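**Student:** Quick one: this structure, given as structure tokens, is what I'll be asking you about.
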Amino acid sequence: MSKDILNRYLFDNADVRGQVVQLEKSYQDVLSAHSYPVAIQRLLGELMAATSLLTATLKFDGDISVQVQGNGPVSLAVINGNNLQQLRGVSRWEGDIAADADLASLMGKGYMVITLTPTNGERYQGVVELDKPTLAECLEQYFIQSEQLPTTIRLFANGQQAAGILLQVLPGENEQNDAYEHLEQLTVTIKAEELFKLEATEVLHRLYHQEAVRLFDPIEVTFNCTCSRERSLQALRTIPQEELEAILAEQGKIDMGCEYCNSNYSFDSIDIAALFKNASSTDTPQ
């Protein structure tokens, strides 16, 4: 079975679209950067599946961020992605977290922020409260609230694999109709083990074997961290040179770590001197 794949599909006899995503290696790559409690592993897996599904609904090149924030043991969990289905993510938490902790236990009172950043165009941000029992239900509310599109979502993760399925009325056809309601009743019967073990073609056959389904070419989903030594240097450039030199005098070097992939970048006095020398020459009028 091909892992880390998103499949999009349409129904020939209904103005409804669907997507199913199945993740394994990319999910493990995200988890490998930190020793996450079991419940946070599941939360990040569901967020990864959700971000992949949302990215596939976009009609532009650019980035997407899906993050949940709250006043519970988990203060933040975020997945960043783009139109190429490249994902990365991280979570921050404190204290002991029960393995069976649900969304409310993890996040307390919180909200979900979905940020869309087109390569060309204006940035858009939508916010929805985490006032539903599951992440999937909060996302369904987001679509109703922000796009007025009837949407059904199911998300699953077990620490080894993550998966999700999305069913949605096509934009411009947002009347609640019998066709969508019928397909929704079929879609919600999906089980986690089916998405973890079966090929997408078999999943769709089991769900919609009496429907005319058009399946598009699969899209690979990968883990990709955008950090680099150069980006870290540019971040240091925003700090006054005197502050950086004070850190160097005390510690001998400046270390910058990436939360997403655990990479570490180290800079000494020569690096910092060269950084500001290059900045000065760049800023000098010709």
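Here, A, B, ... name the chains of the structure tokens in the order displayed, residue numbers run from 1 inside each chain, and ligands are numbered from 1 in the same displayed order.
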Excluding A:Ile219 and residues on its chain fewer than 6 positions from it, collect all residues at most 12 Å away from it, counting only C-alpha atoms, and give them as a list in words.
**Tutor:**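 Non-adjacent residues within range: Ser2, Lys3, Asp4, Ile5, Leu6, Asn7, Arg8, Tyr9, Gln19, Val20, Val21, Gln22, Leu23, Ser52, Leu53, Thr55, Ala56, Asn83, Leu84, Gln85, Gln86 and Ala200 of chain A.
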**Student:** For the residues selected in the previous step, produce a file with C-alpha atoms as a compact mmCIF listing (two decimals), in the first residue's frame.
**Tutor:**
```txt
# COMPACT_ATOMS: atom_id res chain seq x y z
CA SER A 2 1.24 3.49 -0.88
CA LYS A 3 1.59 5.57 2.26
CA ASP A 4 1.61 9.36 2.50
CA ILE A 5 -0.88 9.89 -0.28
CA LEU A 6 -3.83 12.22 -0.78
CA ASN A 7 -6.57 11.20 -3.22
CA ARG A 8 -9.22 13.58 -4.56
CA TYR A 9 -12.51 12.42 -6.04
CA GLN A 19 -10.65 13.77 -0.41
CA VAL A 20 -8.97 11.01 1.52
CA VAL A 21 -5.46 11.24 2.97
CA GLN A 22 -3.31 8.49 4.49
CA LEU A 23 -0.05 9.32 6.28
CA SER A 52 -3.49 18.07 4.05
CA LEU A 53 -7.23 17.90 3.37
CA THR A 55 -4.62 22.32 1.42
CA ALA A 56 -6.18 20.19 -1.31
CA ASN A 83 0.12 23.59 -2.06
CA LEU A 84 2.81 20.95 -2.76
CA GLN A 85 1.53 18.91 0.22
CA GLN A 86 4.73 19.50 2.18
CA ALA A 200 -7.86 4.51 -1.22
```
**Student:** Skip stretch 41-43 of chain A itself and residues of its chain fewer than 6 positions away, then list as a short mmCIF file (atom, residue, chain, number, x, y, z; two decimals) with N, CA, C and O atoms, in the first residue's frame all residues within 12 Å of it, counting only C-alpha atoms.
**Tutor:**
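After the write, part_24.cif holds the following:
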```cif
data_model
loop_
_atom_site.label_atom_id
_atom_site.label_comp_id
_atom_site.auth_asym_id
_atom_site.auth_seq_id
_atom_site.Cartn_x
_atom_site.Cartn_y
_atom_site.Cartn_z
N TYR A 27 4.18 11.58 8.95
CA TYR A 27 3.69 11.67 10.33
C TYR A 27 4.78 11.30 11.30
O TYR A 27 5.03 11.99 12.30
N GLN A 28 5.49 10.21 11.03
CA GLN A 28 6.58 9.79 11.91
C GLN A 28 7.72 10.82 11.91
O GLN A 28 8.37 11.03 12.94
N ASP A 29 7.96 11.45 10.77
CA ASP A 29 9.00 12.48 10.71
C ASP A 29 8.65 13.66 11.61
O ASP A 29 9.54 14.24 12.26
N VAL A 30 7.40 14.04 11.65
CA VAL A 30 6.98 15.13 12.54
C VAL A 30 7.15 14.73 14.00
O VAL A 30 7.65 15.50 14.82
N LEU A 31 6.76 13.51 14.35
CA LEU A 31 6.83 13.05 15.74
C LEU A 31 8.26 12.84 16.21
O LEU A 31 8.55 12.95 17.41
N SER A 32 9.17 12.55 15.30
CA SER A 32 10.52 12.15 15.69
C SER A 32 11.33 13.28 16.30
O SER A 32 12.33 13.04 16.98
N ALA A 33 10.91 14.52 16.10
CA ALA A 33 11.69 15.65 16.62
C ALA A 33 11.56 15.81 18.13
O ALA A 33 12.40 16.45 18.76
N HIS A 34 10.49 15.24 18.72
CA HIS A 34 10.25 15.41 20.15
C HIS A 34 9.65 14.12 20.73
O HIS A 34 9.05 13.33 20.00
N SER A 35 9.77 13.96 22.04
CA SER A 35 9.15 12.81 22.71
C SER A 35 7.74 13.22 23.18
O SER A 35 7.54 13.61 24.34
N ALA A 49 -3.48 15.40 9.07
CA ALA A 49 -4.48 14.95 8.11
C ALA A 49 -5.40 16.11 7.72
O ALA A 49 -5.73 16.31 6.55
N ALA A 50 -5.81 16.90 8.72
CA ALA A 50 -6.69 18.04 8.46
C ALA A 50 -6.02 19.06 7.56
O ALA A 50 -6.64 19.57 6.60
N GLN A 67 -3.47 25.82 13.38
CA GLN A 67 -2.97 25.73 14.75
C GLN A 67 -4.10 25.79 15.75
O GLN A 67 -5.12 26.44 15.52
N VAL A 68 -3.91 25.08 16.84
CA VAL A 68 -4.85 25.13 17.96
C VAL A 68 -4.09 25.67 19.17
O VAL A 68 -2.95 25.29 19.42
N VAL A 74 -1.79 21.60 26.83
CA VAL A 74 -1.21 21.88 25.51
C VAL A 74 -1.51 23.33 25.16
O VAL A 74 -2.66 23.71 24.96
N LEU A 76 -0.08 24.91 22.53
CA LEU A 76 -0.02 25.10 21.08
C LEU A 76 0.22 23.77 20.38
O LEU A 76 1.03 22.96 20.83
N ALA A 77 -0.47 23.57 19.28
CA ALA A 77 -0.14 22.50 18.33
C ALA A 77 -0.40 23.09 16.95
O ALA A 77 -1.46 23.69 16.71
N VAL A 78 0.56 22.96 16.05
CA VAL A 78 0.44 23.61 14.75
C VAL A 78 1.03 22.73 13.66
O VAL A 78 2.05 22.06 13.86
N ILE A 79 0.38 22.73 12.52
CA ILE A 79 0.91 22.11 11.30
C ILE A 79 0.96 23.18 10.22
O ILE A 79 -0.03 23.87 9.98
N GLY A 89 5.32 20.23 11.59
CA GLY A 89 4.50 20.60 12.73
C GLY A 89 5.22 20.46 14.04
O GLY A 89 6.28 19.82 14.14
N VAL A 90 4.61 21.05 15.09
CA VAL A 90 5.21 21.02 16.42
C VAL A 90 4.11 21.28 17.44
O VAL A 90 3.06 21.85 17.12
N SER A 91 4.36 20.85 18.68
CA SER A 91 3.42 21.12 19.78
C SER A 91 4.21 21.51 21.01
O SER A 91 5.35 21.09 21.21
N ARG A 92 3.58 22.36 21.86
CA ARG A 92 4.16 22.74 23.14
C ARG A 92 3.20 22.34 24.24
O ARG A 92 2.00 22.60 24.14
N TRP A 93 3.74 21.76 25.29
CA TRP A 93 2.89 21.30 26.39
C TRP A 93 3.70 21.30 27.68
O TRP A 93 4.93 21.46 27.67
N ILE A 97 0.36 14.15 30.79
CA ILE A 97 -0.86 14.12 29.99
C ILE A 97 -1.31 12.67 29.84
O ILE A 97 -0.54 11.81 29.40
N ALA A 98 -2.55 12.41 30.21
CA ALA A 98 -3.08 11.04 30.14
C ALA A 98 -3.15 10.58 28.69
O ALA A 98 -3.43 11.36 27.78
N ALA A 99 -2.90 9.30 28.49
CA ALA A 99 -2.88 8.75 27.13
C ALA A 99 -4.24 8.87 26.45
O ALA A 99 -4.32 8.97 25.22
N ASP A 100 -5.30 8.86 27.23
CA ASP A 100 -6.64 8.92 26.64
C ASP A 100 -7.25 10.31 26.70
O ASP A 100 -8.47 10.48 26.53
N ALA A 101 -6.43 11.33 26.91
CA ALA A 101 -6.94 12.70 27.01
C ALA A 101 -7.63 13.12 25.71
O ALA A 101 -7.10 12.91 24.62
N ASP A 102 -8.81 13.73 25.84
CA ASP A 102 -9.53 14.19 24.66
C ASP A 102 -9.17 15.64 24.37
O ASP A 102 -8.33 16.25 25.05
N LEU A 103 -9.80 16.22 23.34
CA LEU A 103 -9.45 17.57 22.90
C LEU A 103 -9.62 18.59 24.02
O LEU A 103 -8.75 19.43 24.24
N ALA A 104 -10.74 18.52 24.73
CA ALA A 104 -11.00 19.48 25.81
C ALA A 104 -9.97 19.35 26.93
O ALA A 104 -9.52 20.35 27.50
N SER A 105 -9.60 18.12 27.26
CA SER A 105 -8.61 17.90 28.32
C SER A 105 -7.24 18.43 27.92
O SER A 105 -6.49 18.92 28.76
N LEU A 106 -6.91 18.32 26.64
CA LEU A 106 -5.61 18.79 26.15
C LEU A 106 -5.55 20.30 26.06
O LEU A 106 -4.58 20.92 26.49
N MET A 107 -6.59 20.90 25.48
CA MET A 107 -6.53 22.31 25.13
C MET A 107 -7.19 23.23 26.13
O MET A 107 -6.90 24.43 26.15
N THR A 134 -14.52 17.10 19.10
CA THR A 134 -13.39 16.62 18.30
C THR A 134 -12.87 17.73 17.38
O THR A 134 -13.58 18.69 17.06
N LEU A 135 -11.63 17.54 16.95
CA LEU A 135 -11.02 18.47 16.00
C LEU A 135 -11.81 18.49 14.69
O LEU A 135 -12.00 19.56 14.08
N ALA A 136 -12.27 17.34 14.25
CA ALA A 136 -13.02 17.25 13.00
C ALA A 136 -14.29 18.10 13.06
O ALA A 136 -14.64 18.81 12.10
N LEU A 155 -11.29 12.36 11.13
CA LEU A 155 -9.84 12.35 11.33
C LEU A 155 -9.46 11.25 12.30
O LEU A 155 -10.15 11.04 13.31
N PHE A 156 -8.34 10.56 11.99
CA PHE A 156 -7.89 9.45 12.84
C PHE A 156 -6.36 9.48 12.95
O PHE A 156 -5.66 9.82 11.99
N ALA A 157 -5.84 9.10 14.11
CA ALA A 157 -4.39 8.96 14.29
C ALA A 157 -4.15 8.05 15.48
O ALA A 157 -4.91 8.07 16.46
N ASN A 158 -3.09 7.25 15.41
CA ASN A 158 -2.80 6.31 16.49
C ASN A 158 -1.34 6.31 16.92
O ASN A 158 -0.90 5.40 17.62
N GLY A 159 -0.58 7.33 16.51
CA GLY A 159 0.84 7.37 16.85
C GLY A 159 1.73 6.73 15.82
O GLY A 159 2.93 6.99 15.79
N GLN A 160 1.16 5.89 14.97
CA GLN A 160 1.90 5.25 13.88
C GLN A 160 1.41 5.74 12.52
O GLN A 160 2.21 6.00 11.62
N GLN A 161 0.11 5.87 12.38
CA GLN A 161 -0.48 6.33 11.14
C GLN A 161 -1.53 7.40 11.44
O GLN A 161 -2.09 7.45 12.53
N ALA A 162 -1.76 8.24 10.44
CA ALA A 162 -2.82 9.25 10.53
C ALA A 162 -3.58 9.24 9.22
O ALA A 162 -3.03 8.90 8.16
N ALA A 163 -4.85 9.59 9.29
CA ALA A 163 -5.67 9.55 8.08
C ALA A 163 -6.88 10.45 8.26
O ALA A 163 -7.25 10.83 9.38
#
```
**Student:** Would you mind listing what lies within 8 Å of stretch 262-269 of chain A as a VMD selection string, with only C-alpha atoms counted and same-chain residues fewer than 2 positions away left out?
**Tutor:** chain A and resid 33 to 34 229 232 245 248 252 to 260 271 to 273
**Student:** Please identify the alpha helix (DSSP H) residues within stretch 17-234 of chain A (assignment by DSSP from backbone atoms) and present them as a PyMOL selection string.
**Tutor:** chain A and resi 25-31+38-55+103-107+135-147+178-187+192-197+200-208+229-234
**Student:** Name all residues at most 6 Å from A:Gln69 (count only C-alpha atoms; drop same-chain ones fewer than 5 positions away) and give them as a ChimeraX atom specification.
**Tutor:** /A:75-76,110-111
**Student:** Ranking A:Phe276, A:Leu204, A:Glu94, A:Lys25 by minimum distance to A:Glu242 and counting only C-alpha atoms, which one comes first?
**Tutor:** A:Phe276
**Student:** So which one's closest to A:Ala39, A:Lys59, A:Asp96, A:Thr189, A:Gly126? Using only C-alpha atoms, please.
**Tutor:**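 Distance minimum relative to A:Ala39 lands on A:Asp96.
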**Student:** Based on DSSP run over this structure's backbone, return all residues of stretch 202-270 of chain A in strand (DSSP E), as a list in words.
**Tutor:**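 Strand (DSSP E) members of stretch 202-270 of chain A, listed: Val213, Arg214, Leu215, Ile219, Glu220, Thr222, Phe223, Ile254, Asp255, Met256, Gly257, Asn264, Tyr265, Ser266 and Phe267 of chain A.
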**Student:** Quick one: write out the picked residues with N, CA and C atoms as a PDB file, in the first residue's frame?
**Tutor:**
```
ATOM      1  N   VAL A 213     -18.068   7.335  -9.060  1.00  0.00           N
ATOM      2  CA  VAL A 213     -16.997   8.118  -8.446  1.00  0.00           C
ATOM      3  C   VAL A 213     -15.850   8.282  -9.437  1.00  0.00           C
ATOM      4  N   ARG A 214     -15.379   9.521  -9.583  1.00  0.00           N
ATOM      5  CA  ARG A 214     -14.239   9.796 -10.458  1.00  0.00           C
ATOM      6  C   ARG A 214     -13.031  10.100  -9.578  1.00  0.00           C
ATOM      7  N   LEU A 215     -12.021   9.239  -9.624  1.00  0.00           N
ATOM      8  CA  LEU A 215     -10.837   9.380  -8.777  1.00  0.00           C
ATOM      9  C   LEU A 215      -9.703  10.016  -9.568  1.00  0.00           C
ATOM     10  N   ILE A 219      -1.678  12.350  -4.925  1.00  0.00           N
ATOM     11  CA  ILE A 219      -0.682  13.387  -4.651  1.00  0.00           C
ATOM     12  C   ILE A 219       0.143  12.947  -3.443  1.00  0.00           C
ATOM     13  N   GLU A 220       1.462  12.988  -3.582  1.00  0.00           N
ATOM     14  CA  GLU A 220       2.338  12.579  -2.487  1.00  0.00           C
ATOM     15  C   GLU A 220       2.365  13.651  -1.399  1.00  0.00           C
ATOM     16  N   THR A 222       4.547  14.888   1.968  1.00  0.00           N
ATOM     17  CA  THR A 222       5.884  14.713   2.549  1.00  0.00           C
ATOM     18  C   THR A 222       6.085  15.655   3.728  1.00  0.00           C
ATOM     19  N   PHE A 223       7.018  15.267   4.588  1.00  0.00           N
ATOM     20  CA  PHE A 223       7.503  16.167   5.631  1.00  0.00           C
ATOM     21  C   PHE A 223       8.587  17.041   5.037  1.00  0.00           C
ATOM     22  N   ILE A 254      26.452  31.624  19.512  1.00  0.00           N
ATOM     23  CA  ILE A 254      24.999  31.762  19.535  1.00  0.00           C
ATOM     24  C   ILE A 254      24.399  30.536  18.871  1.00  0.00           C
ATOM     25  N   ASP A 255      23.575  29.802  19.610  1.00  0.00           N
ATOM     26  CA  ASP A 255      22.923  28.616  19.078  1.00  0.00           C
ATOM     27  C   ASP A 255      21.459  28.919  18.782  1.00  0.00           C
ATOM     28  N   MET A 256      21.004  28.485  17.625  1.00  0.00           N
ATOM     29  CA  MET A 256      19.597  28.615  17.253  1.00  0.00           C
ATOM     30  C   MET A 256      19.066  27.251  16.850  1.00  0.00           C
ATOM     31  N   GLY A 257      17.980  26.845  17.490  1.00  0.00           N
ATOM     32  CA  GLY A 257      17.402  25.538  17.199  1.00  0.00           C
ATOM     33  C   GLY A 257      16.067  25.668  16.506  1.00  0.00           C
ATOM     34  N   ASN A 264      20.040  22.273  14.688  1.00  0.00           N
ATOM     35  CA  ASN A 264      20.683  23.329  15.465  1.00  0.00           C
ATOM     36  C   ASN A 264      21.720  24.042  14.604  1.00  0.00           C
ATOM     37  N   TYR A 265      21.713  25.375  14.678  1.00  0.00           N
ATOM     38  CA  TYR A 265      22.657  26.181  13.915  1.00  0.00           C
ATOM     39  C   TYR A 265      23.457  27.034  14.895  1.00  0.00           C
ATOM     40  N   SER A 266      24.792  26.966  14.773  1.00  0.00           N
ATOM     41  CA  SER A 266      25.675  27.648  15.714  1.00  0.00           C
ATOM     42  C   SER A 266      26.461  28.738  14.981  1.00  0.00           C
ATOM     43  N   PHE A 267      26.576  29.914  15.634  1.00  0.00           N
ATOM     44  CA  PHE A 267      27.256  31.060  15.013  1.00  0.00           C
ATOM     45  C   PHE A 267      28.272  31.635  15.997  1.00  0.00           C
TER      46      PHE A 267
END
```
**Student:** Any idea what the distance is between atom CA of A:Ala246 and atom CA of A:Ser228?
**Tutor:**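 Atom-to-atom, atom CA of A:Ala246 and atom CA of A:Ser228 are spaced 23.9 Å apart.
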**Student:** For stretch 61-63 of chain A, find every residue with an atom within 7 Å (counting only C-alpha atoms), except residues of its own chain fewer than 3 positions away, and show them as a CSV table (one decimal) with N, CA and C atoms, in the first residue's frame.
**Tutor:**
```csv
chain,number,residue,atom,x,y,z
A,81,GLY,N,1.8,23.8,6.1
A,81,GLY,CA,1.8,23.1,4.8
A,81,GLY,C,1.8,24.1,3.7
A,82,ASN,N,1.9,23.5,2.5
A,82,ASN,CA,1.8,24.3,1.3
A,82,ASN,C,1.0,23.6,0.2
A,83,ASN,N,0.9,24.2,-1.0
A,83,ASN,CA,0.1,23.6,-2.1
A,83,ASN,C,0.8,22.4,-2.7
A,116,LEU,N,-4.2,31.3,5.7
A,116,LEU,CA,-3.9,31.0,4.3
A,116,LEU,C,-3.1,32.2,3.7
A,117,THR,N,-1.9,31.8,3.2
A,117,THR,CA,-1.0,32.9,2.7
A,117,THR,C,-0.6,32.6,1.2
A,118,PRO,N,-1.4,33.1,0.3
A,118,PRO,CA,-1.1,32.9,-1.1
A,118,PRO,C,0.3,33.5,-1.5
A,119,THR,N,1.0,32.9,-2.4
A,119,THR,CA,2.2,33.4,-3.0
A,119,THR,C,2.0,34.8,-3.6
```
**Student:** When you look at A:Gln210 with a cut-off of 12 Å (counting only C-alpha atoms), what residues show up, excluding the ones that are within fewer than 6 positions of it in the same chain? I need them as a PyMOL selection string.
**Tutor:** chain A and resi 11-13+182-183+186+204
**Student:** Would you mind reading off the distance between atom CA of A:Arg17 and atom CA of A:Gln168, one decimal, in Å?
**Tutor:**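 Here the two named atoms are 5.4 Å from each other.
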**Student:** May I have the residues within 10 Å of A:Gln185 as a VMD selection string, using only C-alpha atoms and disregarding those fewer than 4 positions away in the same chain?
**Tutor:** chain A and resid 152 180 to 181 189 to 190 207
